[in-house]
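Dumped final-v4.cif below, it's mmCIF, C-alpha atoms:
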```cif
data_run
#
loop_
_atom_site.group_PDB
_atom_site.id
_atom_site.type_symbol
_atom_site.label_atom_id
_atom_site.label_comp_id
_atom_site.auth_asym_id
_atom_site.auth_seq_id
_atom_site.Cartn_x
_atom_site.Cartn_y
_atom_site.Cartn_z
ATOM 1 C CA MET A 1 0.000 0.000 0.000
ATOM 2 C CA GLU A 2 1.314 3.447 -0.931
ATOM 3 C CA PHE A 3 2.087 5.592 2.103
ATOM 4 C CA ARG A 4 5.407 7.429 1.758
ATOM 5 C CA ALA A 5 5.720 11.100 0.870
ATOM 6 C CA ILE A 6 9.384 11.743 0.023
ATOM 7 C CA PHE A 7 10.857 15.244 0.377
ATOM 8 C CA ILE A 8 14.303 15.921 -1.150
ATOM 9 C CA ALA A 9 15.788 19.281 -0.181
ATOM 10 C CA ASN A 10 19.487 18.694 -0.965
ATOM 11 C CA GLN A 11 21.601 17.589 -3.900
ATOM 12 C CA ALA A 12 20.785 14.039 -4.955
ATOM 13 C CA GLN A 13 20.808 11.617 -7.868
ATOM 14 C CA LEU A 14 17.648 9.600 -8.443
ATOM 15 C CA SER A 15 17.362 6.461 -10.542
ATOM 16 C CA VAL A 16 15.421 3.203 -10.583
ATOM 17 C CA ARG A 17 16.574 -0.351 -9.931
ATOM 18 C CA ARG A 18 14.405 -3.474 -9.615
ATOM 19 C CA GLU A 19 11.173 -1.524 -8.951
ATOM 20 C CA GLN A 20 12.954 0.574 -6.304
ATOM 21 C CA LEU A 21 13.597 4.320 -6.335
ATOM 22 C CA VAL A 22 17.320 4.772 -5.700
ATOM 23 C CA ILE A 23 18.295 8.011 -3.907
ATOM 24 C CA ARG A 24 22.034 8.732 -3.869
ATOM 25 C CA GLN A 25 23.264 11.426 -1.500
ATOM 26 C CA ALA A 26 26.008 10.934 1.089
ATOM 27 C CA GLN A 27 24.562 7.435 1.309
ATOM 28 C CA GLU A 28 22.363 5.388 -0.998
ATOM 29 C CA VAL A 29 18.764 4.740 0.025
ATOM 30 C CA THR A 30 16.209 2.647 -1.854
ATOM 31 C CA VAL A 31 12.413 2.863 -1.519
ATOM 32 C CA PRO A 32 9.932 0.440 -3.140
ATOM 33 C CA MET A 33 7.985 2.262 -5.849
ATOM 34 C CA GLU A 34 4.738 0.716 -4.631
ATOM 35 C CA ASP A 35 5.199 2.428 -1.238
ATOM 36 C CA ILE A 36 5.480 5.971 -2.627
ATOM 37 C CA THR A 37 2.490 8.261 -2.892
ATOM 38 C CA SER A 38 4.341 11.506 -3.742
ATOM 39 C CA LEU A 39 7.823 12.886 -4.313
ATOM 40 C CA LEU A 40 8.824 16.537 -3.918
ATOM 41 C CA LEU A 41 12.078 17.699 -5.521
ATOM 42 C CA GLU A 42 12.798 20.990 -3.774
ATOM 43 C CA SER A 43 16.495 21.320 -4.608
ATOM 44 C CA GLN A 44 17.445 22.329 -8.146
ATOM 45 C CA ALA A 45 20.608 20.274 -7.682
ATOM 46 C CA VAL A 46 18.601 17.045 -7.992
ATOM 47 C CA THR A 47 19.093 14.940 -11.122
ATOM 48 C CA ILE A 48 16.666 12.171 -12.027
ATOM 49 C CA SER A 49 16.793 9.615 -14.825
ATOM 50 C CA THR A 50 14.120 9.338 -17.492
ATOM 51 C CA ALA A 51 13.666 5.707 -16.504
ATOM 52 C CA ALA A 52 12.904 6.776 -12.929
ATOM 53 C CA LEU A 53 10.360 9.369 -14.130
ATOM 54 C CA GLN A 54 8.674 6.756 -16.316
ATOM 55 C CA LYS A 55 8.503 4.258 -13.467
ATOM 56 C CA LEU A 56 7.141 6.864 -11.047
ATOM 57 C CA ALA A 57 4.396 7.673 -13.555
ATOM 58 C CA GLU A 58 3.674 3.969 -14.014
ATOM 59 C CA TYR A 59 3.112 3.598 -10.276
ATOM 60 C CA GLY A 60 0.891 6.701 -10.174
ATOM 61 C CA VAL A 61 3.286 8.732 -8.012
ATOM 62 C CA THR A 62 2.767 12.494 -7.960
ATOM 63 C CA VAL A 63 6.106 14.226 -8.583
ATOM 64 C CA TYR A 64 6.335 17.908 -7.581
ATOM 65 C CA ILE A 65 9.158 20.006 -9.056
ATOM 66 C CA CYS A 66 10.034 23.279 -7.326
ATOM 67 C CA ASP A 67 11.248 26.560 -8.788
ATOM 68 C CA GLU A 68 14.201 28.710 -7.703
ATOM 69 C CA LYS A 69 12.087 30.006 -4.792
ATOM 70 C CA HIS A 70 11.583 26.410 -3.604
ATOM 71 C CA LEU A 71 7.840 26.547 -4.323
ATOM 72 C CA PRO A 72 5.978 23.799 -6.233
ATOM 73 C CA ALA A 73 6.011 24.844 -9.899
ATOM 74 C CA ALA A 74 5.239 21.691 -11.903
ATOM 75 C CA LEU A 75 3.676 18.246 -11.601
ATOM 76 C CA LEU A 76 4.365 14.916 -13.237
ATOM 77 C CA LEU A 77 1.080 13.027 -13.504
ATOM 78 C CA PRO A 78 0.397 9.601 -15.027
ATOM 79 C CA VAL A 79 -1.637 9.328 -18.249
ATOM 80 C CA ASN A 80 -3.470 6.326 -19.688
ATOM 81 C CA ARG A 81 -3.578 4.641 -16.298
ATOM 82 C CA HIS A 82 -7.208 3.576 -16.658
ATOM 83 C CA SER A 83 -8.496 0.775 -18.876
ATOM 84 C CA ARG A 84 -11.731 2.652 -19.658
ATOM 85 C CA GLN A 85 -10.323 6.159 -20.032
ATOM 86 C CA LEU A 86 -12.371 7.049 -23.133
ATOM 87 C CA LYS A 87 -15.567 5.815 -21.450
ATOM 88 C CA VAL A 88 -14.827 7.974 -18.396
ATOM 89 C CA LEU A 89 -14.077 10.997 -20.594
ATOM 90 C CA LYS A 90 -17.375 10.569 -22.460
ATOM 91 C CA GLY A 91 -19.140 10.433 -19.088
ATOM 92 C CA GLN A 92 -17.526 13.711 -18.044
ATOM 93 C CA ILE A 93 -18.496 15.419 -21.299
ATOM 94 C CA ALA A 94 -22.067 14.125 -20.997
ATOM 95 C CA MET A 95 -22.532 15.298 -17.398
ATOM 96 C CA THR A 96 -25.579 17.565 -17.280
ATOM 97 C CA LYS A 97 -25.660 21.034 -15.744
ATOM 98 C CA PRO A 98 -28.122 19.988 -13.000
ATOM 99 C CA VAL A 99 -25.745 17.217 -11.902
ATOM 100 C CA GLN A 100 -22.765 19.583 -11.949
ATOM 101 C CA LYS A 101 -24.694 22.133 -9.867
ATOM 102 C CA ARG A 102 -25.743 19.484 -7.352
ATOM 103 C CA LEU A 103 -22.164 18.292 -6.972
ATOM 104 C CA TRP A 104 -20.859 21.836 -6.553
ATOM 105 C CA GLN A 105 -23.521 22.464 -3.893
ATOM 106 C CA SER A 106 -22.295 19.452 -1.924
ATOM 107 C CA VAL A 107 -18.647 20.547 -2.312
ATOM 108 C CA VAL A 108 -19.359 24.086 -1.070
ATOM 109 C CA MET A 109 -21.466 22.845 1.849
ATOM 110 C CA ALA A 110 -18.706 20.435 2.922
ATOM 111 C CA LYS A 111 -16.067 23.158 2.606
ATOM 112 C CA ILE A 112 -17.986 25.659 4.734
ATOM 113 C CA ARG A 113 -18.808 23.006 7.346
ATOM 114 C CA ASN A 114 -15.117 22.168 7.594
ATOM 115 C CA GLN A 115 -14.245 25.856 7.877
ATOM 116 C CA ALA A 116 -16.697 26.075 10.768
ATOM 117 C CA ARG A 117 -15.128 22.994 12.341
ATOM 118 C CA CYS A 118 -11.659 24.533 11.932
ATOM 119 C CA LEU A 119 -12.765 27.618 13.865
ATOM 120 C CA GLU A 120 -14.373 25.414 16.523
ATOM 121 C CA LEU A 121 -11.179 23.389 16.994
ATOM 122 C CA LEU A 122 -9.287 26.660 17.492
ATOM 123 C CA SER A 123 -11.918 27.951 19.963
ATOM 124 C CA ARG A 124 -13.063 30.749 17.665
ATOM 125 C CA PRO A 125 -16.736 31.744 18.184
ATOM 126 C CA GLU A 126 -17.612 32.466 14.543
ATOM 127 C CA GLY A 127 -18.065 28.815 13.576
ATOM 128 C CA GLY A 128 -21.792 28.838 14.329
ATOM 129 C CA ASP A 129 -22.438 31.549 11.752
ATOM 130 C CA LEU A 130 -20.653 29.507 9.096
ATOM 131 C CA LEU A 131 -22.720 26.422 9.905
ATOM 132 C CA GLU A 132 -25.863 28.476 9.308
ATOM 133 C CA LEU A 133 -24.414 29.654 6.015
ATOM 134 C CA ALA A 134 -23.570 26.078 4.971
ATOM 135 C CA ARG A 135 -27.196 25.075 5.438
ATOM 136 C CA SER A 136 -28.321 27.847 3.068
ATOM 137 C CA VAL A 137 -26.213 26.775 0.060
ATOM 138 C CA ARG A 138 -28.427 26.103 -2.958
ATOM 139 C CA SER A 139 -27.787 24.064 -6.087
ATOM 140 C CA GLY A 140 -24.856 25.590 -7.972
ATOM 141 C CA ASP A 141 -24.305 28.088 -5.116
ATOM 142 C CA PRO A 142 -25.948 30.999 -7.008
ATOM 143 C CA ASP A 143 -25.713 33.173 -3.869
ATOM 144 C CA ASN A 144 -21.928 32.674 -3.769
ATOM 145 C CA CYS A 145 -21.990 31.419 -0.195
ATOM 146 C CA GLU A 146 -18.438 30.138 -0.705
ATOM 147 C CA ALA A 147 -17.130 33.703 -1.075
ATOM 148 C CA SER A 148 -19.322 34.982 1.778
ATOM 149 C CA ALA A 149 -17.885 32.299 4.037
ATOM 150 C CA ALA A 150 -14.313 33.274 3.097
ATOM 151 C CA VAL A 151 -14.975 36.909 4.027
ATOM 152 C CA GLN A 152 -15.929 35.802 7.541
ATOM 153 C CA TYR A 153 -13.591 32.847 7.874
ATOM 154 C CA PHE A 154 -10.090 34.126 7.192
ATOM 155 C CA PRO A 155 -10.239 37.186 9.501
ATOM 156 C CA ALA A 156 -11.732 34.965 12.223
ATOM 157 C CA LEU A 157 -8.904 32.483 11.677
ATOM 158 C CA PHE A 158 -5.906 34.788 11.287
ATOM 159 C CA GLY A 159 -7.057 38.135 12.691
ATOM 160 C CA GLN A 160 -8.914 41.197 11.510
ATOM 161 C CA GLY A 161 -7.274 42.805 8.505
ATOM 162 C CA PHE A 162 -5.949 39.515 7.152
ATOM 163 C CA THR A 163 -6.528 38.941 3.438
ATOM 164 C CA ARG A 164 -5.407 36.173 1.122
ATOM 165 C CA ASP A 165 -3.468 38.562 -1.116
ATOM 166 C CA THR A 166 -1.190 39.844 1.645
ATOM 167 C CA GLY A 167 2.485 38.965 1.294
ATOM 168 C CA CYS A 168 3.188 37.205 4.602
ATOM 169 C CA LEU A 169 4.378 33.911 6.035
ATOM 170 C CA THR A 170 0.819 32.738 6.698
ATOM 171 C CA ASN A 171 -0.206 33.128 3.061
ATOM 172 C CA ALA A 172 3.051 31.562 1.883
ATOM 173 C CA ALA A 173 2.354 28.513 4.060
ATOM 174 C CA LEU A 174 -1.274 28.311 2.906
ATOM 175 C CA ASN A 175 -0.257 28.528 -0.745
ATOM 176 C CA TYR A 176 2.385 25.837 -0.289
ATOM 177 C CA GLY A 177 -0.055 23.505 1.439
ATOM 178 C CA TYR A 178 -2.761 24.145 -1.139
ATOM 179 C CA ALA A 179 -0.307 23.379 -3.974
ATOM 180 C CA ILE A 180 0.481 20.002 -2.394
ATOM 181 C CA LEU A 181 -3.234 19.296 -1.930
ATOM 182 C CA ARG A 182 -4.019 20.283 -5.520
ATOM 183 C CA GLY A 183 -1.378 17.902 -6.808
ATOM 184 C CA ALA A 184 -2.732 15.068 -4.669
ATOM 185 C CA VAL A 185 -6.229 15.548 -6.096
ATOM 186 C CA ALA A 186 -4.970 15.901 -9.687
ATOM 187 C CA ARG A 187 -2.917 12.732 -9.328
ATOM 188 C CA ASN A 188 -5.905 10.717 -8.102
ATOM 189 C CA LEU A 189 -8.054 12.010 -10.945
ATOM 190 C CA ALA A 190 -5.422 10.946 -13.470
ATOM 191 C CA VAL A 191 -5.044 7.507 -11.902
ATOM 192 C CA HIS A 192 -8.806 6.960 -12.191
ATOM 193 C CA GLY A 193 -8.862 8.028 -15.836
ATOM 194 C CA ILE A 194 -10.687 11.296 -15.083
ATOM 195 C CA GLU A 195 -9.710 14.372 -17.097
ATOM 196 C CA PRO A 196 -8.632 17.084 -14.587
ATOM 197 C CA CYS A 197 -9.323 20.025 -16.917
ATOM 198 C CA LEU A 198 -13.098 19.367 -17.148
ATOM 199 C CA GLY A 199 -14.460 21.012 -14.013
ATOM 200 C CA ILE A 200 -17.933 21.110 -12.483
ATOM 201 C CA PHE A 201 -17.594 24.779 -11.464
ATOM 202 C CA HIS A 202 -14.192 26.025 -12.631
ATOM 203 C CA HIS A 203 -14.091 26.185 -16.434
ATOM 204 C CA SER A 204 -11.048 28.283 -17.353
ATOM 205 C CA GLU A 205 -9.566 27.333 -20.723
ATOM 206 C CA LEU A 206 -6.142 28.241 -19.321
ATOM 207 C CA ASN A 207 -6.412 25.860 -16.351
ATOM 208 C CA GLN A 208 -5.604 22.186 -16.881
ATOM 209 C CA PHE A 209 -6.710 21.381 -13.315
ATOM 210 C CA ASN A 210 -10.238 22.827 -13.160
ATOM 211 C CA LEU A 211 -11.717 19.669 -11.642
ATOM 212 C CA ALA A 212 -8.873 19.331 -9.149
ATOM 213 C CA ASP A 213 -9.547 22.924 -8.060
ATOM 214 C CA ASP A 214 -13.218 22.018 -7.593
ATOM 215 C CA LEU A 215 -12.750 18.830 -5.618
ATOM 216 C CA MET A 216 -9.911 20.002 -3.372
ATOM 217 C CA GLU A 217 -12.115 22.666 -1.739
ATOM 218 C CA PRO A 218 -13.451 20.629 1.237
ATOM 219 C CA TYR A 219 -9.893 19.538 2.111
ATOM 220 C CA ARG A 220 -8.467 23.069 2.283
ATOM 221 C CA PRO A 221 -9.475 23.606 5.949
ATOM 222 C CA LEU A 222 -7.019 20.867 6.958
ATOM 223 C CA VAL A 223 -4.225 23.075 5.605
ATOM 224 C CA ASP A 224 -5.806 26.106 7.311
ATOM 225 C CA LEU A 225 -5.986 24.313 10.669
ATOM 226 C CA TYR A 226 -2.350 23.249 10.463
ATOM 227 C CA VAL A 227 -1.089 26.696 9.470
ATOM 228 C CA ALA A 228 -3.171 28.503 12.115
ATOM 229 C CA SER A 229 -1.991 26.218 14.919
ATOM 230 C CA GLN A 230 1.514 25.135 13.903
ATOM 231 C CA VAL A 231 3.209 27.824 11.785
ATOM 232 C CA ASN A 232 5.185 30.303 13.874
ATOM 233 C CA ASP A 233 4.528 33.884 12.747
ATOM 234 C CA GLU A 234 7.909 34.913 14.171
ATOM 235 C CA GLU A 235 9.620 33.292 11.207
ATOM 236 C CA ARG A 236 10.010 35.594 8.198
ATOM 237 C CA ASN A 237 10.067 32.914 5.495
ATOM 238 C CA LEU A 238 9.050 29.317 5.028
ATOM 239 C CA THR A 239 11.796 27.123 6.451
ATOM 240 C CA PRO A 240 12.731 23.698 4.999
ATOM 241 C CA LYS A 241 11.168 22.084 8.069
ATOM 242 C CA MET A 242 7.885 23.960 7.539
ATOM 243 C CA LYS A 243 7.796 22.873 3.901
ATOM 244 C CA GLN A 244 8.480 19.281 4.847
ATOM 245 C CA ASN A 245 5.655 19.362 7.406
ATOM 246 C CA LEU A 246 3.244 20.939 4.921
ATOM 247 C CA PHE A 247 4.199 18.320 2.342
ATOM 248 C CA ASN A 248 3.358 15.657 4.909
ATOM 249 C CA LEU A 249 -0.220 16.947 5.392
ATOM 250 C CA THR A 250 -1.410 14.297 2.925
ATOM 251 C CA ASN A 251 -0.697 11.812 5.741
ATOM 252 C CA TYR A 252 -2.953 13.621 8.245
ATOM 253 C CA MET A 253 -6.298 12.105 9.165
ATOM 254 C CA VAL A 254 -9.815 13.136 8.183
ATOM 255 C CA ARG A 255 -13.185 11.475 8.690
ATOM 256 C CA GLN A 256 -15.016 10.363 5.585
ATOM 257 C CA ASN A 257 -18.097 8.191 5.230
ATOM 258 C CA GLY A 258 -18.011 7.564 8.979
ATOM 259 C CA LYS A 259 -14.416 6.266 9.050
ATOM 260 C CA ARG A 260 -10.981 7.813 9.531
ATOM 261 C CA TYR A 261 -8.560 7.926 6.619
ATOM 262 C CA ARG A 262 -5.293 9.588 5.716
ATOM 263 C CA MET A 263 -6.077 12.598 3.583
ATOM 264 C CA ILE A 264 -4.432 11.037 0.514
ATOM 265 C CA SER A 265 -6.593 7.918 0.935
ATOM 266 C CA ALA A 266 -9.710 10.028 1.501
ATOM 267 C CA VAL A 267 -8.985 11.926 -1.720
ATOM 268 C CA GLY A 268 -8.766 8.603 -3.532
ATOM 269 C CA ARG A 269 -12.154 7.549 -2.156
ATOM 270 C CA MET A 270 -13.656 10.897 -3.123
ATOM 271 C CA THR A 271 -12.292 10.443 -6.655
ATOM 272 C CA GLU A 272 -13.796 6.962 -6.853
ATOM 273 C CA SER A 273 -17.150 8.403 -5.774
ATOM 274 C CA PHE A 274 -16.885 10.998 -8.574
ATOM 275 C CA ALA A 275 -16.319 8.168 -11.045
ATOM 276 C CA ARG A 276 -19.486 6.495 -9.701
ATOM 277 C CA VAL A 277 -21.424 9.702 -10.336
ATOM 278 C CA LEU A 278 -20.305 9.572 -13.977
ATOM 279 C CA ALA A 279 -21.814 6.086 -14.264
ATOM 280 C CA GLN A 280 -24.837 6.776 -12.045
ATOM 281 C CA PRO A 281 -25.649 10.524 -11.946
ATOM 282 C CA SER A 282 -27.916 10.097 -8.902
ATOM 283 C CA SER A 283 -24.901 9.013 -6.790
ATOM 284 C CA SER A 284 -23.276 11.346 -4.269
ATOM 285 C CA LEU A 285 -19.732 12.496 -3.657
ATOM 286 C CA GLU A 286 -17.923 11.130 -0.620
ATOM 287 C CA LEU A 287 -16.537 14.233 1.089
ATOM 288 C CA PRO A 288 -14.377 14.773 4.205
ATOM 289 C CA GLU A 289 -15.096 15.991 7.699
ATOM 290 C CA LEU A 290 -12.329 17.843 9.541
ATOM 291 C CA ILE A 291 -11.072 16.353 12.820
ATOM 292 C CA PRO A 292 -8.323 17.461 15.257
ATOM 293 C CA LEU A 293 -4.833 17.365 13.754
ATOM 294 C CA GLU A 294 -3.447 13.847 13.778
ATOM 295 C CA SER A 295 -0.698 12.442 11.601
ATOM 296 C CA TYR A 296 -0.940 8.826 10.485
ATOM 297 C CA ARG A 297 1.364 6.541 12.436
ATOM 298 C CA TYR A 298 3.059 3.828 10.410
ATOM 299 C CA GLU A 299 2.918 0.408 12.009
#
```

Could you write out this structure as structure tokens?
Amino acid sequence: MEFRAIFIANQAQLSVRREQLVIRQAQEVTVPMEDITSLLLESQAVTISTAALQKLAEYGVTVYICDEKHLPAALLLPVNRHSRQLKVLKGQIAMTKPVQKRLWQSVVMAKIRNQARCLELLSRPEGGDLLELARSVRSGDPDNCEASAAVQYFPALFGQGFTRDTGCLTNAALNYGYAILRGAVARNLAVHGIEPCLGIFHHSELNQFNLADDLMEPYRPLVDLYVASQVNDEERNLTPKMKQNLFNLTNYMVRQNGKRYRMISAVGRMTESFARVLAQPSSSLELPELIPLESYRYE
């Protein structure tokens, strides 16, 4: 079972040998490909063989490549991983507007409920207002309750005057965590043969991850909760340790369908439920519920 998120911040040479990822630094380390869920190459002094990239794609591993500012700038995602990819694509194209609006309603409701839960876990009193707002979301969210919730939520979470376009450590950490989350969702869509550019709400022709941007929304409050409670505002910039911890958020727990799962596993289940909707439009998405921060413990 895949479970390892590998973060490489220093010079290294990566290759593949007998279905193992070989990492050469001061010492050589090997990791079974089947154990890896994601790989982040932060250092620009990392070299990786084409054979290793091909094998990572074959195993459905999300590979993040960082820019000179050490921020995620590109993704390697698998293609043609699904035996019925054309059938799935036809299902996406045929999805009706009413179904898309119903799905977006459920996504927005789950997101706002999790925002309310985030505030509750941090002992902020505004969570009750957000729960009321979540209950008022209509099909397609024509009242833009998602934006109304954000106006209340972020100042309640990070203080009055906070906005998402401010250049600060908090926003840098949020953006980093969201980029990791977006890649995790995009990777699961690709593995299940679902085209990430065909969204249910986002429809930009310049965005190849419209659907990933749609379906990641209810998971964002996990990043928010971590940043609000764990990132030290005294630091001026994201440190390598902060980035490593944010990268590891895919191994934090959420509740979904009455059970607890690692976020990366929950995203996979949500993606499978989206595929079921394509086959049976009356089906529902399986969406997460936020719980107190807890990292998965490997046995």

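The neighbours of Ile194 (chain A) here are the residues that come within 8 Å of it, using only C-alpha atoms and leaving out any residue fewer than 3 positions away in the same chain; they are Gln85, Val88, Leu89, Gln92, Leu189, Ala190, Val191 and Ala275 of chain A.
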
Provide an axis-aligned box for all listed atoms of region 196-200 of chain A, padding each side by 6 Å; report its centre and its edge lengths in Å to one decimal, as JSON.
```
{"center_x": -13.3, "center_y": 19.1, "center_z": -14.8, "size_x": 21.3, "size_y": 16.0, "size_z": 16.7}
```

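For the pair CA of Glu68 (chain A) and CA of Glu34 (chain A), the separation is 29.7 Å.
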
Mind listing whatever residues come within 6 Å of the point (-8.7, 17.0, 7.3)? Use all atoms listed in the file, file coordinates, and give them as a PyMOL selection string.
-> chain A and resi 219+222+253-254+290

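When you apply the PyMOL selection byres ((chain A and resi 109-117) around 6) to this structure, what comes back is Ser106, Val107, Val108, Cys118, Leu119, Glu120, Gly127, Leu130, Leu131, Ala134, Glu217, Pro218, Pro221 and Leu290 of chain A.
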